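First comes the structure, then the notes that go with it.
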Amino acid sequence: MKDARTPELLSPVISPVNFFALLLVILLGLDFLDFPYEAAKTCGPNGYWPLLAAFCLAALPLILLLVLMRRRFPNQNLTEAAPQVLGKPLGLAGNLMFLGCFVLWLILAIKDSSELVVAYFLNRTPVWAVSAFFLIGVGYVAVNGLAPALRLAAFVLIPTVLFRFTMQIFALQGLKSAYLLPLFARPPLDYLTGGAFMANVFLPITAIFLILPLVKKNPGNGRASELAIPALSAAFIAALSFLLGILGAIGSFGAELTPRFAWSEFATIQQINIPFLVLEQVGLIFLVIWITMFFVAVSFYFSVVARSLGRQFPGFNYRWTVAVLVLLVLVGTLLFPDAITAHAMFTLFRRWLMLPVFVYPWIVYLVALLRGVKGKFEG
């Protein structure tokens, strides 16, 4: 086995196609199946309109910033450019805050997903055991570098996305149009506010700032245009999946009942009823598919966070950094012994975690623009 510190494993060249696969998998994998909960809580039966607002408020600006950062710092990612733009002390502090948000996000994500698995799949298994086994698998992938996570994303993309969309479409069979009407029941400001609250569903895009120089068609310098089309395509397809989840949940249960489900989209999938279907446990199949994407997404997050910490502190060993992160996340999940508390904390924190990870890259870019700081092209 090659050392994870070798360039081809820790810093592989990512083609635009693999970039599209990676971004789509992490967007869908880190969707926690309760997005309709947020939609119904913010705008009731009109919960589908805040999704459009969230796409415009979060996804499009982030993709634009990816392109702008690539043009200004073609051979540097966000954490490498920040000290050059803000100065070493401020840059280091900002980078640690940015990476710390991802670690907190992983703690809440692992806890919430473990509760989901226990509730619907392994109801006799302790939550801590599910979290531990999950993190062991994730650590095994991440400790070998970024390349394995990229290969997994490309491998699982087509079957998982096809099955996910198929099940979401079948879940619309219980839809009642009366639950989704009238089309405009709230003032426009409410939809914008709801979009701001729901923008966290596009949080995975921010992790791409940590691997920007790696996305290119060939080992030479990549162009900014190689980011835009794959990123927009992945974000659009993910948004379509989120829309189907919202329509299915609110259209089946109504805006009043939907927020009562901890994972409302999964509850909708379980309502699928197809006569003579050979595989009757459709909900479990959907759960396995989602766990597959979630596993790849979390492996990617561990890898890029550990890689970025190694760039900030050159003395850090990559594999030991991954091991410490796994232990830290496991300890963090144990701080939430109650499932209701964990889910409530996750719902609250993911709203506000979007703010620093969205604002910080913009601060770095705008300060670089004002100061005239640019990265250099390297051969």
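So you can find residues: chains in the structure tokens are A, B, ... in the order shown, residues in each start at 1, and ligands are numbered from 1 in order.
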
Tell me, which residues of stretch 96-339 of chain A carry DSSP alpha helix (DSSP H), written as an MDAnalysis selection string?
-> chainID A and resid 96:120 127:142 146:170 188:198 225:253 264:269 282:312 318:334 339

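Summary of the local environment: counting only C-alpha atoms, residues at most 12 Å from A:Pro356, other than itself and those fewer than 5 positions away along its chain, are Gly94, Asn95, Leu96, Met97, Phe98, Leu99, Gly100, Cys101, Phe102, Asn200, Leu203, Thr206, Phe349, Arg350, Arg351, Pro361, Trp362 and Ile363 of chain A.
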
Long-range neighbours of A:Gly174 as a list of chain:residue names, 12 Å cut-off, only C-alpha atoms, 6 positions minimum in chain |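 The residues that qualify are A:Gln168, A:Leu247, A:Gly248, A:Ala249, A:Ile250, A:Gly251, A:Ser252, A:Phe253, A:Gly254, A:Thr268, A:Ile269, A:Gln270, A:Gln271, A:Ile272, A:Asn273, A:Ile274.
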
Expected file: the selected residues, C-alpha atoms, as an mmCIF file, in the first residue's frame:
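Full text of part.cif as output:
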data_model
loop_
_atom_site.group_PDB
_atom_site.id
_atom_site.type_symbol
_atom_site.label_atom_id
_atom_site.label_comp_id
_atom_site.auth_asym_id
_atom_site.auth_seq_id
_atom_site.Cartn_x
_atom_site.Cartn_y
_atom_site.Cartn_z
ATOM 1 C CA GLN A 168 -38.582 9.837 -4.621
ATOM 2 C CA LEU A 247 -43.206 17.880 -2.451
ATOM 3 C CA GLY A 248 -43.460 14.260 -1.362
ATOM 4 C CA ALA A 249 -43.464 14.974 2.387
ATOM 5 C CA ILE A 250 -45.693 18.046 2.496
ATOM 6 C CA GLY A 251 -47.938 16.678 -0.258
ATOM 7 C CA SER A 252 -48.411 13.387 1.625
ATOM 8 C CA PHE A 253 -48.616 14.498 5.234
ATOM 9 C CA GLY A 254 -49.472 18.196 5.073
ATOM 10 C CA THR A 268 -42.438 9.587 2.948
ATOM 11 C CA ILE A 269 -40.394 6.897 1.221
ATOM 12 C CA GLN A 270 -41.779 4.307 3.629
ATOM 13 C CA GLN A 271 -45.294 5.102 2.374
ATOM 14 C CA ILE A 272 -44.509 3.697 -1.092
ATOM 15 C CA ASN A 273 -47.002 0.970 -1.933
ATOM 16 C CA ILE A 274 -46.497 -0.895 -5.202
#

Skip A:Phe261 itself and residues of its chain fewer than 4 positions away, then list as a ChimeraX atom specification all residues within 9 Å of it, counting only C-alpha atoms.
-> /A:34,37,257,265,267

Would you output that residue set with N, CA and C atoms, as a CSV table (one decimal), in the first residue's frame?
chain,number,residue,atom,x,y,z
A,34,ASP,N,-34.4,15.2,6.5
A,34,ASP,CA,-35.4,16.0,7.2
A,34,ASP,C,-35.5,17.5,6.7
A,37,TYR,N,-38.8,19.0,6.8
A,37,TYR,CA,-39.1,19.5,8.1
A,37,TYR,C,-38.8,21.0,8.1
A,257,LEU,N,-48.4,18.2,9.8
A,257,LEU,CA,-47.9,16.9,10.2
A,257,LEU,C,-46.4,16.6,9.9
A,265,GLU,N,-38.4,13.0,5.1
A,265,GLU,CA,-38.3,12.4,3.7
A,265,GLU,C,-38.3,10.9,3.8
A,267,ALA,N,-39.7,9.1,6.1
A,267,ALA,CA,-41.1,8.7,6.4
A,267,ALA,C,-41.9,8.6,5.1

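Proximity to A:Ala239 was assessed for A:Ala129, A:Val201, A:Val326, A:Leu366 counting only C-alpha atoms; the smallest distance is recorded for A:Val201.
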
Name the residues in contact with A:Leu51 at a cut-off of 7 Å, using only C-alpha atoms, excluding same-chain residues fewer than 4 positions from it; report them as a PyMOL selection string.
-> chain A and resi 55+195+198

Now that the selection is made, can you save its residues with N, CA and C atoms as a CSV table (one decimal), in the first residue's frame?
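Saved to again.csv:
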chain,number,residue,atom,x,y,z
A,55,PHE,N,-31.3,28.3,-3.2
A,55,PHE,CA,-30.4,28.0,-4.3
A,55,PHE,C,-29.8,29.3,-4.8
A,195,GLY,N,-35.5,30.8,2.8
A,195,GLY,CA,-34.4,30.4,2.0
A,195,GLY,C,-33.1,30.6,2.8
A,198,MET,N,-32.8,27.7,5.1
A,198,MET,CA,-32.6,26.4,4.5
A,198,MET,C,-31.3,26.4,3.6
